[in-house]
There are 2 protein chains.
Amino acid sequence: MTVSEGTAARLGARTADQMSVRRHNLSVVLNHLRVHGGRSRARIAAETGLNKATVSSLVAELLARGLVREGEIERGSVGRPGQTIELDAHNFIALGAEVATDYVSVIAMNLRGEPVSEQRLALDTAGLRAEAVLRRLAGLVDSVIDPLAAQGAVPVGLTLALPGITDPASGLVWDAPNLGWHETAVLEPLRTHLGEPGYPILIENEANAAVLAELDVRGRTSPPDLLLITGATGVGGGIVTGGRLLRGSRGFAGELGHMQVDPAGRRCRCGRVGCFETVVGLGALLRALAPADDPVRDPSIDVVQRLDVVRSRLEAGDPRALAAVEQIGDGLVQGCGSLVNIFNPGMVVLGGYFAALGPWFAPRLRSDLDTEVFAPKSGGCRIELSTLGFSAAVRGGALRATRHVFDDPGLVPYRAEAGHLSGVMS
Amino acid sequence: MTVSEGTAARLGARTADQMSVRRHNLSVVLNHLRVHGGRSRARIAAETGLNKATVSSLVAELLARGLVREGEIERGSVGRPGQTIELDAHNFIALGAEVATDYVSVIAMNLRGEPVSEQRLALDTAGLRAEAVLRRLAGLVDSVIDPLAAQGAVPVGLTLALPGITDPASGLVWDAPNLGWHETAVLEPLRTHLGEPGYPILIENEANAAVLAELDVRGRTSPPDLLLITGATGVGGGIVTGGRLLRGSRGFAGELGHMQVDPAGRRCRCGRVGCFETVVGLGALLRALAPADDPVRDPSIDVVQRLDVVRSRLEAGDPRALAAVEQIGDGLVQGCGSLVNIFNPGMVVLGGYFAALGPWFAPRLRSDLDTEVFAPKSGGCRIELSTLGFSAAVRGGALRATRHVFDDPGLVPYRAEAGHLSGVMS
């Protein structure tokens, strides 16, 4: 008898195949409730094609694991009114964390993908050692988790988003030039600083994480081909082709910021010359906008506050600010033009600081992009602004951290207080 | 009774659903023979999971339609030896045609994807009206078809590959700047010049057609993420992500040649400045290599012959030729670097004149690409040369033209000489 057969036998004489079918069906029911909202067992059965007895048994297990709860009585449909079952938003939290050049940040989301708590700490991360940054980040994670854990919420996972080339398998950052991190271990130090938590920790490129959040909030309005161009000190790309995140052969795709746009341009932190991010990154804007000692260029001040200052200067008609935005707009039009020629996306979403200053950048792109695009009418590409501010990457990270729960709800331990395991499993 | 029910009834009292299953199964058997080669009915049944009687009936229909033929006796397997069934390569031809800036060309391939006949005509297409070019092309198509048709081969379709943005639905070229074609009707004039043929005609971007041929010849050695960069007067891209051709939201993706690489560069035929093709297109090479009156710059001479001359100058150590190739190599390294940063492909295939001069370009890219790529070791990207010369686009076009036959073999009319239709259909 193999281990899995033995386990199955202990869990009520089901075979391994039956267990696998049951776990799959748990996932079907849980995802159905996530996508369509609370509904009765009878309606779940009718909509998923599972039989009613199976749905009742699956719901009992999801209740016991604390993943769903009983909601209101459903009325108005055929047959007797049924108790609705809905995702239980309160028992579990998924965590997204980010190390950016100007800050570290952490979000906790419930299983419905709604933010529960978020903290951002302005930090000149490039001026610190990686070890120190990760220690500060772990402290921020704890300060987000602790009050939620005190109320009984259990973390199911954490995704760390980073501005560079990451290797999820080894837990290394290969290269994050704007942080000055090269072949830097991040997963193990973070795990250590968090006290070896029981939940899984993933690492992910920040723009890839951010585009997951964009797809989530846009839902069915997302076209299958979409580019997120996210601006901070670096410029990143989250590329969706045919409805799927483009990762490339080794997971390194999306480095739009290192497309060379000017061979006579400025040297990039990556060592090359004239990269797109040297032309349109936040550094380029701030250099054009203000002298070195201007507080808008002080990385110890939260980037959102500094962009508020920039915005008020633009609204006041400050000529230097307007000229700086004009200059960045030129670069954005050119770079987006090239990318739209290559990808023919249905939508370009501007994120990060491009969205914060979106009222200046978006009209410019909407009016001028067509002249840079080979296909008629910009190939049908729409320009949209992210509504997620600097939270897109942590949100996408937290969403990714929930995925294994929805893929296999059986991974989540039973809640001790549920107290009716034998009833569920028999 | 609907029309389709009536048809089904006449064809032996099958329902529309049964017909649809049968057509699907015809496709399964035909594709099985294409991919795996000739084999007995019994083996087809064993390998496809269809029952033997069904396979016999399907094979009888494919024989009657002339799509397969009986081959050798299969020996050595279990049971009595069986007659093998194999694709019949001789009854049908698929056509690929191309209008390039320096030539028009046509290929005929059999259903195994093997070239049967190919003709290329050096032609300064940009110096002629579209109508005149399409008339010359139609003449070339006829001269390829006629001797094959005389032997009984039936054309199943034609794909016209063009260096620009095409709209298959309307049959227009939106923009092919190197031809000087803008919103130019191509499908209808070509159909007219061909005498309204019975087979379907498609239009396709030339690099997209070419990458289909590359994937076909490379088979299982193609990684799921692959870029074809094809050089002629223009530079085109055939982009494969996740194993599928990237078409974008309206089918206009892949315009790598119009990625802006130098804002201080030369004006492109598309009207923009510093496009990749102004730096690495064949025009840039020839300008660097020879004065305007040098025969290598004469578009009335076949491009393959002119490149032979360039190659012999390089082999002889001609300093101007070597400097020109060095200059183009610089641009290729930069542009490929940007594209590899964006896509992280497992392979870049150089096609067109880049492949013709591959012994000079490939080593340069292999040694220098890594310095331009953000990911370690060029993100694992290999540099390969196309082996298809200037035939890639017509080959890919012809392959596309066979697809509807393999998807629905029931579309192919019965061959009159088969003479046993009633036996097949009862």
# chains A, B, ... in the order shown; residues from 1 in each chain; ligands from 1
$ residues_around --residues "Gly389 (chain B)" --least-positions-apart "3" --cutoff "9 Å" --atoms "only C-alpha atoms" --output "compact mmCIF listing (two decimals) with N, CA and C atoms, in the first residue's frame"
# COMPACT_ATOMS: atom_id res chain seq x y z
N VAL B 304 19.09 36.90 -54.53
CA VAL B 304 19.98 35.80 -54.13
C VAL B 304 21.33 35.92 -54.86
N GLY B 351 16.28 35.22 -40.45
CA GLY B 351 15.83 34.78 -41.78
C GLY B 351 16.14 35.81 -42.84
N GLY B 352 15.83 35.47 -44.08
CA GLY B 352 16.04 36.37 -45.20
C GLY B 352 17.53 36.64 -45.41
N TYR B 353 17.90 37.89 -45.62
CA TYR B 353 19.31 38.16 -45.93
C TYR B 353 20.20 38.01 -44.69
N ALA B 355 20.10 35.49 -42.81
CA ALA B 355 20.53 34.10 -42.88
C ALA B 355 21.51 33.89 -44.03
N ALA B 356 21.26 34.59 -45.15
CA ALA B 356 22.16 34.46 -46.30
C ALA B 356 23.58 34.89 -45.92
N SER B 386 17.86 30.62 -40.32
CA SER B 386 16.87 29.94 -41.16
C SER B 386 17.61 29.18 -42.25
N ALA B 392 10.99 31.03 -47.22
CA ALA B 392 10.25 30.76 -45.98
C ALA B 392 8.81 31.23 -46.07
$ calpha_fit_and_write --fixed "chain A" --moving "chain B" --output "short mmCIF file (atom, residue, chain, number, x, y, z; two decimals) with C-alpha atoms, in the first residue's frame"
data_model
loop_
_atom_site.label_atom_id
_atom_site.label_comp_id
_atom_site.auth_asym_id
_atom_site.auth_seq_id
_atom_site.Cartn_x
_atom_site.Cartn_y
_atom_site.Cartn_z
CA MET B 1 -0.08 -0.36 0.07
CA THR B 2 1.43 3.00 -0.85
CA VAL B 3 1.39 5.97 1.46
CA SER B 4 -1.31 7.74 -0.49
CA GLU B 5 -3.48 4.63 -0.57
CA GLY B 6 -3.02 4.28 3.19
CA THR B 7 -3.97 7.92 3.72
CA ALA B 8 -7.00 7.54 1.52
CA ALA B 9 -8.03 4.41 3.39
CA ARG B 10 -7.77 6.16 6.75
CA LEU B 11 -9.83 9.04 5.38
CA GLY B 12 -12.85 6.86 4.73
CA ALA B 13 -11.76 4.15 2.34
CA ARG B 14 -11.63 6.39 -0.69
CA THR B 15 -9.11 5.53 -3.36
CA ALA B 16 -6.42 7.99 -4.40
CA ASP B 17 -8.41 8.68 -7.58
CA GLN B 18 -11.56 9.39 -5.63
CA MET B 19 -9.58 11.75 -3.39
CA SER B 20 -8.24 13.55 -6.40
CA VAL B 21 -11.74 13.94 -7.85
CA ARG B 22 -13.00 15.22 -4.53
CA ARG B 23 -10.20 17.79 -4.22
CA HIS B 24 -10.91 18.91 -7.75
CA ASN B 25 -14.60 19.28 -6.93
CA LEU B 26 -13.79 21.25 -3.78
CA SER B 27 -11.90 23.65 -6.04
CA VAL B 28 -14.82 23.82 -8.49
CA VAL B 29 -17.26 24.78 -5.73
CA LEU B 30 -14.93 27.28 -4.06
CA ASN B 31 -14.10 28.98 -7.38
CA HIS B 32 -17.77 29.05 -8.31
CA LEU B 33 -18.53 30.97 -5.11
CA ARG B 34 -15.59 33.30 -5.69
CA VAL B 35 -16.63 34.18 -9.23
CA HIS B 36 -20.41 34.18 -8.86
CA GLY B 37 -20.95 35.10 -5.22
CA GLY B 38 -23.03 33.45 -2.51
CA ARG B 39 -25.82 31.00 -3.48
CA SER B 40 -27.65 27.95 -2.18
CA ARG B 41 -26.33 24.40 -2.31
CA ALA B 42 -29.11 23.55 -4.77
CA ARG B 43 -28.08 26.37 -7.08
CA ILE B 44 -24.40 25.41 -6.86
CA ALA B 45 -25.40 21.88 -7.86
CA ALA B 46 -27.53 23.10 -10.77
CA GLU B 47 -24.85 25.48 -12.04
CA THR B 48 -21.81 23.21 -11.68
CA GLY B 49 -23.45 19.98 -12.77
CA LEU B 50 -22.40 18.23 -9.54
CA ASN B 51 -25.13 16.27 -7.77
CA LYS B 52 -26.79 17.73 -4.70
CA ALA B 53 -25.47 15.17 -2.22
CA THR B 54 -21.92 15.74 -3.44
CA VAL B 55 -22.32 19.51 -3.16
CA SER B 56 -23.65 19.15 0.39
CA SER B 57 -20.67 17.05 1.36
CA LEU B 58 -18.20 19.43 -0.35
CA VAL B 59 -19.79 22.46 1.30
CA ALA B 60 -19.58 20.73 4.68
CA GLU B 61 -15.86 20.25 4.16
CA LEU B 62 -15.36 23.86 3.02
CA LEU B 63 -17.30 25.02 6.10
CA ALA B 64 -15.11 22.86 8.32
CA ARG B 65 -11.99 24.32 6.72
CA GLY B 66 -13.35 27.82 7.33
CA LEU B 67 -13.29 28.72 3.63
CA VAL B 68 -17.03 29.37 3.35
CA ARG B 69 -19.82 30.32 5.72
CA GLU B 70 -23.58 30.30 5.73
CA GLY B 71 -25.13 33.55 4.57
CA GLU B 72 -28.66 34.75 4.02
CA ILE B 73 -31.64 32.65 3.01
CA GLU B 74 -32.01 32.63 -0.76
CA ARG B 75 -35.60 33.41 -1.83
CA GLY B 76 -37.45 33.88 -5.07
CA SER B 77 -36.06 30.89 -6.91
CA VAL B 78 -37.95 27.72 -7.69
CA GLY B 79 -38.44 25.29 -4.78
CA ARG B 80 -38.05 25.91 -1.06
CA PRO B 81 -35.75 28.73 0.00
CA GLY B 82 -32.18 27.59 0.70
CA GLN B 83 -29.43 28.76 2.99
CA THR B 84 -26.84 30.57 0.87
CA ILE B 85 -23.19 29.62 1.11
CA GLU B 86 -20.57 32.31 0.51
CA LEU B 87 -16.82 32.72 0.68
CA ASP B 88 -15.79 33.40 4.24
CA ALA B 89 -13.75 36.55 3.87
CA HIS B 90 -12.53 36.74 7.44
CA ASN B 91 -10.70 33.53 8.29
CA PHE B 92 -7.77 33.79 5.90
CA ILE B 93 -5.51 36.49 4.54
CA ALA B 94 -3.17 36.49 1.58
CA LEU B 95 -0.15 38.76 1.65
CA GLY B 96 1.57 40.79 -1.04
CA ALA B 97 4.85 42.53 -0.33
CA GLU B 98 7.00 44.78 -2.50
CA VAL B 99 10.51 46.14 -2.42
CA ALA B 100 10.69 49.21 -4.67
CA THR B 101 13.48 51.75 -4.93
CA ASP B 102 11.59 54.30 -2.84
CA TYR B 103 9.60 52.16 -0.45
CA VAL B 104 8.68 48.76 0.91
CA SER B 105 5.01 47.90 1.19
CA VAL B 106 2.72 45.12 2.33
CA ILE B 107 -0.95 44.36 1.75
CA ALA B 108 -3.25 41.76 3.27
CA MET B 109 -6.27 40.72 1.22
CA ASN B 110 -9.10 38.39 2.09
CA LEU B 111 -10.01 35.46 -0.14
CA ARG B 112 -12.45 37.65 -2.06
CA GLY B 113 -9.43 39.70 -3.18
CA GLU B 114 -10.49 42.68 -1.06
CA PRO B 115 -7.74 44.66 0.72
CA VAL B 116 -7.95 44.29 4.48
CA SER B 117 -4.85 46.16 5.55
CA GLU B 118 -2.01 47.94 3.74
CA GLN B 119 1.16 49.66 4.87
CA ARG B 120 3.87 51.45 2.90
CA LEU B 121 7.14 52.67 4.33
CA ALA B 122 9.26 55.23 2.44
CA LEU B 123 12.74 53.77 2.31
CA ASP B 124 15.81 54.48 0.17
CA THR B 125 16.24 50.77 -0.47
CA ALA B 126 19.12 51.25 -2.92
CA GLY B 127 21.07 52.92 -0.11
CA LEU B 128 20.74 49.88 2.19
CA ARG B 129 22.02 46.33 2.06
CA ALA B 130 19.50 43.75 0.84
CA GLU B 131 19.58 42.05 4.23
CA ALA B 132 18.58 45.29 5.97
CA VAL B 133 15.79 45.97 3.46
CA LEU B 134 14.36 42.49 3.91
CA ARG B 135 14.49 42.87 7.70
CA ARG B 136 12.52 46.14 7.47
CA LEU B 137 10.07 44.47 5.10
CA ALA B 138 9.59 41.51 7.45
CA GLY B 139 8.83 43.95 10.26
CA LEU B 140 6.20 45.58 8.06
CA VAL B 141 4.69 42.18 7.25
CA ASP B 142 4.45 41.39 10.95
CA SER B 143 2.81 44.72 11.69
CA VAL B 144 0.18 43.99 9.01
CA ILE B 145 -0.40 40.39 10.11
CA ASP B 146 -0.39 40.76 13.89
CA PRO B 147 -3.67 42.64 14.44
CA LEU B 148 -5.42 40.41 11.88
CA ALA B 149 -4.02 37.24 13.43
CA ALA B 150 -5.26 38.46 16.81
CA GLN B 151 -8.76 38.36 15.28
CA GLY B 152 -8.17 34.79 14.13
CA ALA B 153 -7.16 35.33 10.49
CA VAL B 154 -4.67 32.79 9.17
CA PRO B 155 -2.14 33.76 6.44
CA VAL B 156 -2.28 31.42 3.44
CA GLY B 157 0.72 32.75 1.54
CA LEU B 158 2.91 35.70 0.64
CA THR B 159 4.27 36.91 -2.71
CA LEU B 160 7.22 39.28 -2.74
CA ALA B 161 7.29 41.57 -5.80
CA LEU B 162 10.66 42.96 -6.89
CA PRO B 163 11.79 45.35 -9.65
CA GLY B 164 14.04 42.95 -11.52
CA ILE B 165 14.75 39.52 -12.85
CA THR B 166 13.74 36.95 -10.29
CA ASP B 167 14.30 33.22 -10.10
CA PRO B 168 11.41 31.73 -8.15
CA ALA B 169 13.04 28.28 -7.99
CA SER B 170 16.25 29.40 -6.27
CA GLY B 171 14.71 32.34 -4.44
CA LEU B 172 17.31 34.69 -5.95
CA VAL B 173 17.07 38.05 -7.59
CA TRP B 174 19.35 37.73 -10.60
CA ASP B 175 19.44 41.41 -11.32
CA ALA B 176 17.54 44.38 -9.91
CA PRO B 177 19.81 47.24 -11.02
CA ASN B 178 17.79 50.01 -9.42
CA LEU B 179 18.16 48.26 -6.06
CA GLY B 180 21.77 47.33 -6.78
CA TRP B 181 20.91 43.67 -6.16
CA HIS B 182 22.71 41.06 -8.25
CA GLU B 183 22.38 37.33 -7.61
CA THR B 184 20.97 38.24 -4.24
CA ALA B 185 19.22 35.69 -2.06
CA VAL B 186 15.84 37.07 -0.95
CA LEU B 187 13.58 34.14 -0.12
CA GLU B 188 15.67 32.60 2.64
CA PRO B 189 16.52 35.86 4.44
CA LEU B 190 12.87 36.94 4.31
CA ARG B 191 11.73 33.58 5.62
CA THR B 192 14.24 33.81 8.43
CA HIS B 193 13.21 37.35 9.40
CA LEU B 194 9.57 36.24 9.41
CA GLY B 195 10.42 33.41 11.80
CA GLU B 196 10.04 30.52 9.32
CA PRO B 197 6.30 30.92 8.75
CA GLY B 198 4.17 27.93 7.75
CA TYR B 199 2.70 29.59 4.65
CA PRO B 200 4.39 29.48 1.20
CA ILE B 201 6.41 32.48 0.00
CA LEU B 202 6.85 33.22 -3.70
CA ILE B 203 8.90 35.86 -5.50
CA GLU B 204 7.73 37.61 -8.64
CA ASN B 205 8.70 40.48 -10.90
CA GLU B 206 6.76 43.58 -9.79
CA ALA B 207 5.23 44.38 -13.19
CA ASN B 208 4.11 40.79 -13.63
CA ALA B 209 2.47 40.94 -10.19
CA ALA B 210 0.92 44.31 -11.03
CA VAL B 211 -0.67 43.10 -14.26
CA LEU B 212 -2.38 40.26 -12.38
CA ALA B 213 -4.08 42.90 -10.22
CA GLU B 214 -5.00 44.94 -13.32
CA LEU B 215 -6.59 41.89 -14.94
CA ASP B 216 -8.47 41.16 -11.72
CA VAL B 217 -10.00 44.64 -11.34
CA ARG B 218 -10.77 44.94 -15.06
CA GLY B 219 -12.30 41.49 -15.29
CA ARG B 220 -14.12 40.91 -18.54
CA THR B 221 -13.20 44.36 -19.88
CA SER B 222 -9.56 43.22 -20.27
CA PRO B 223 -8.75 42.40 -23.86
CA PRO B 224 -6.73 39.18 -24.38
CA ASP B 225 -3.73 41.27 -25.50
CA LEU B 226 -2.83 43.91 -22.96
CA LEU B 227 0.36 45.74 -21.96
CA LEU B 228 0.89 47.24 -18.55
CA ILE B 229 3.68 49.81 -18.59
CA THR B 230 4.50 50.74 -15.06
CA GLY B 231 6.69 53.70 -14.17
CA ALA B 232 8.78 54.18 -11.08
CA THR B 233 12.55 54.63 -10.85
CA GLY B 234 12.58 51.70 -13.25
CA VAL B 235 10.07 50.98 -15.97
CA GLY B 236 8.51 47.54 -16.06
CA GLY B 237 6.15 45.68 -18.30
CA GLY B 238 3.43 43.17 -17.60
CA ILE B 239 2.57 41.62 -20.95
CA VAL B 240 -0.57 39.61 -21.58
CA THR B 241 -0.83 37.83 -24.94
CA GLY B 242 -3.75 35.61 -25.85
CA GLY B 243 -5.16 36.05 -22.34
CA ARG B 244 -2.02 34.77 -20.60
CA LEU B 245 0.89 36.44 -18.85
CA LEU B 246 3.91 36.33 -21.15
CA ARG B 247 6.74 34.84 -19.14
CA GLY B 248 9.09 33.74 -21.92
CA SER B 249 11.28 30.69 -21.90
CA ARG B 250 12.78 31.20 -18.43
CA GLY B 251 10.36 33.62 -16.82
CA PHE B 252 12.40 36.74 -17.67
CA ALA B 253 10.09 38.34 -20.24
CA GLY B 254 8.64 41.82 -19.87
CA GLU B 255 11.77 43.94 -19.43
CA LEU B 256 10.36 46.81 -21.48
CA GLY B 257 12.40 49.27 -19.48
CA HIS B 258 15.56 47.90 -21.07
CA MET B 259 14.45 48.29 -24.65
CA GLN B 260 17.12 50.55 -26.16
CA VAL B 261 15.47 53.69 -27.49
CA ASP B 262 18.45 56.02 -27.90
CA PRO B 263 21.99 54.83 -28.70
CA ALA B 264 23.23 58.34 -27.85
CA GLY B 265 21.33 58.38 -24.57
CA ARG B 266 22.11 58.22 -20.89
CA ARG B 267 23.75 55.25 -19.20
CA CYS B 268 21.23 53.03 -17.46
CA ARG B 269 21.69 51.46 -14.02
CA CYS B 270 21.76 48.14 -15.90
CA GLY B 271 25.03 49.20 -17.57
CA ARG B 272 23.62 49.65 -21.06
CA VAL B 273 22.96 52.96 -22.82
CA GLY B 274 19.69 54.65 -23.73
CA CYS B 275 17.26 52.17 -22.15
CA PHE B 276 13.60 53.20 -22.19
CA GLU B 277 13.67 53.73 -18.43
CA THR B 278 16.49 56.28 -18.69
CA VAL B 279 14.13 58.35 -20.88
CA VAL B 280 10.79 57.94 -19.09
CA GLY B 281 11.61 56.63 -15.59
CA LEU B 282 10.75 58.69 -12.53
CA GLY B 283 14.39 59.74 -12.27
CA ALA B 284 14.23 61.34 -15.73
CA LEU B 285 11.09 63.25 -14.78
CA LEU B 286 12.48 64.49 -11.47
CA ARG B 287 15.83 65.52 -13.00
CA ALA B 288 13.95 67.55 -15.63
CA LEU B 289 11.59 68.97 -13.04
CA ALA B 290 13.71 70.09 -10.12
CA PRO B 291 17.26 70.64 -8.85
CA ALA B 292 18.90 67.89 -6.83
CA ASP B 293 18.09 69.49 -3.46
CA ASP B 294 14.36 69.89 -4.18
CA PRO B 295 12.31 67.77 -1.74
CA VAL B 296 10.50 66.11 -4.68
CA ARG B 297 13.81 64.32 -5.31
CA ASP B 298 14.24 63.12 -1.73
CA PRO B 299 13.66 59.36 -1.63
CA SER B 300 13.09 59.44 2.13
CA ILE B 301 9.78 61.19 1.44
CA ASP B 302 6.93 58.92 0.35
CA VAL B 303 6.68 58.83 -3.43
CA VAL B 304 2.93 59.44 -3.37
CA GLN B 305 3.44 62.68 -1.41
CA ARG B 306 6.18 63.79 -3.81
CA LEU B 307 3.94 63.13 -6.78
CA ASP B 308 1.20 65.16 -5.08
CA VAL B 309 3.65 68.06 -5.04
CA VAL B 310 4.46 67.52 -8.74
CA ARG B 311 0.75 67.43 -9.52
CA SER B 312 0.09 70.69 -7.72
CA ARG B 313 2.97 72.35 -9.59
CA LEU B 314 1.48 71.13 -12.87
CA GLU B 315 -1.96 72.37 -11.88
CA ALA B 316 -0.41 75.74 -10.99
CA GLY B 317 1.15 75.91 -14.46
CA ASP B 318 4.79 75.69 -13.31
CA PRO B 319 6.69 75.94 -16.63
CA ARG B 320 9.55 73.66 -15.61
CA ALA B 321 7.10 70.98 -14.42
CA LEU B 322 5.07 71.28 -17.61
CA ALA B 323 8.22 71.03 -19.76
CA ALA B 324 9.36 67.97 -17.83
CA VAL B 325 6.03 66.22 -18.38
CA GLU B 326 6.14 67.19 -22.05
CA GLN B 327 9.61 65.63 -22.35
CA ILE B 328 8.56 62.39 -20.66
CA GLY B 329 5.44 62.37 -22.81
CA ASP B 330 7.62 62.47 -25.96
CA GLY B 331 9.49 59.41 -24.75
CA LEU B 332 6.30 57.59 -23.77
CA VAL B 333 4.75 58.17 -27.18
CA GLN B 334 7.88 56.85 -28.92
CA GLY B 335 8.34 53.82 -26.69
CA CYS B 336 4.65 52.92 -26.61
CA GLY B 337 4.61 53.30 -30.37
CA SER B 338 7.35 50.69 -30.73
CA LEU B 339 5.64 48.33 -28.29
CA VAL B 340 2.26 48.72 -29.98
CA ASN B 341 3.92 47.98 -33.34
CA ILE B 342 5.35 44.80 -31.86
CA PHE B 343 2.34 43.56 -29.84
CA ASN B 344 -0.77 45.17 -31.36
CA PRO B 345 -2.40 45.12 -27.92
CA GLY B 346 -6.07 45.93 -27.42
CA MET B 347 -5.11 48.08 -24.44
CA VAL B 348 -2.10 49.77 -22.90
CA VAL B 349 -2.49 50.39 -19.18
CA LEU B 350 -0.21 53.01 -17.65
CA GLY B 351 0.69 52.24 -14.05
CA GLY B 352 2.79 53.62 -11.23
CA TYR B 353 3.77 57.27 -11.61
CA PHE B 354 2.50 57.32 -15.21
CA ALA B 355 -0.98 56.81 -13.74
CA ALA B 356 -0.42 59.27 -10.90
CA LEU B 357 0.30 61.91 -13.56
CA GLY B 358 -2.18 60.31 -15.94
CA PRO B 359 -4.18 63.49 -16.60
CA TRP B 360 -1.05 64.82 -18.33
CA PHE B 361 0.22 61.64 -20.00
CA ALA B 362 -2.95 59.89 -21.16
CA PRO B 363 -4.39 62.65 -23.41
CA ARG B 364 -0.97 63.08 -25.01
CA LEU B 365 -0.70 59.35 -25.77
CA ARG B 366 -4.28 59.14 -26.98
CA SER B 367 -3.73 61.98 -29.46
CA ASP B 368 -0.20 61.19 -30.63
CA LEU B 369 0.22 57.42 -30.46
CA ASP B 370 -1.38 56.89 -33.86
CA THR B 371 1.42 58.76 -35.65
CA GLU B 372 3.95 56.29 -34.21
CA VAL B 373 1.97 53.15 -34.98
CA PHE B 374 2.20 51.42 -38.29
CA ALA B 375 -1.27 49.84 -38.13
CA PRO B 376 -4.30 52.05 -38.82
CA LYS B 377 -5.87 53.81 -35.80
CA SER B 378 -3.11 52.58 -33.46
CA GLY B 379 -4.21 49.04 -34.31
CA GLY B 380 -7.29 49.63 -32.16
CA CYS B 381 -5.22 50.13 -29.00
CA ARG B 382 -6.87 52.00 -26.12
CA ILE B 383 -4.87 53.87 -23.48
CA GLU B 384 -6.08 53.40 -19.91
CA LEU B 385 -4.77 54.44 -16.50
CA SER B 386 -4.29 52.04 -13.65
CA THR B 387 -6.55 52.85 -10.72
CA LEU B 388 -4.37 50.89 -8.31
CA GLY B 389 -1.71 53.52 -7.63
CA PHE B 390 1.46 52.05 -6.16
CA SER B 391 -0.55 49.13 -4.74
CA ALA B 392 -0.85 47.15 -7.99
CA ALA B 393 2.18 44.93 -7.37
CA VAL B 394 1.28 44.05 -3.76
CA ARG B 395 -2.34 43.43 -4.75
CA GLY B 396 -1.29 41.14 -7.61
CA GLY B 397 1.15 39.42 -5.28
CA ALA B 398 -1.57 38.77 -2.72
CA LEU B 399 -3.90 37.47 -5.45
CA ARG B 400 -1.18 35.06 -6.55
CA ALA B 401 -0.78 33.93 -2.97
CA THR B 402 -4.46 32.93 -2.85
CA ARG B 403 -4.22 30.81 -5.99
CA HIS B 404 -3.11 27.55 -4.38
CA VAL B 405 -6.04 27.79 -1.97
CA PHE B 406 -8.52 28.00 -4.86
CA ASP B 407 -6.65 25.34 -6.84
CA ASP B 408 -6.62 22.91 -3.93
CA PRO B 409 -8.77 23.94 -0.96
CA GLY B 410 -7.85 20.64 0.69
CA LEU B 411 -4.44 22.17 1.51
CA VAL B 412 -6.04 24.46 4.07
CA PRO B 413 -6.07 22.85 7.52
CA TYR B 414 -9.36 22.26 9.30
CA ARG B 415 -10.29 24.86 11.86
CA ALA B 416 -10.13 23.32 15.33
CA GLU B 417 -13.30 25.11 16.39
CA ALA B 418 -15.27 23.51 13.59
CA GLY B 419 -15.35 20.30 15.62
CA HIS B 420 -17.17 18.03 13.25
CA LEU B 421 -14.40 16.54 11.15
CA SER B 422 -15.63 12.99 11.47
CA GLY B 423 -18.99 14.04 10.08
CA VAL B 424 -17.29 15.63 7.09
CA MET B 425 -14.97 12.80 6.27
CA SER B 426 -17.22 9.79 6.77
#
$ select_by_dssp --residues "region 106-151 of chain B" --states "strand (DSSP E or B)" --output "JSON, numbers by chain"
{"B": [106, 107, 108, 109, 115, 116, 117, 118, 119, 120, 121, 122]}
$ select_by_dssp --residues "region 6-214 of chain A" --states "helix (DSSP H, G or I)" --output "PyMOL selection string"
chain A and resi 6-10+16-36+41-48+52-64+125-127+130-150+187-193+206-214
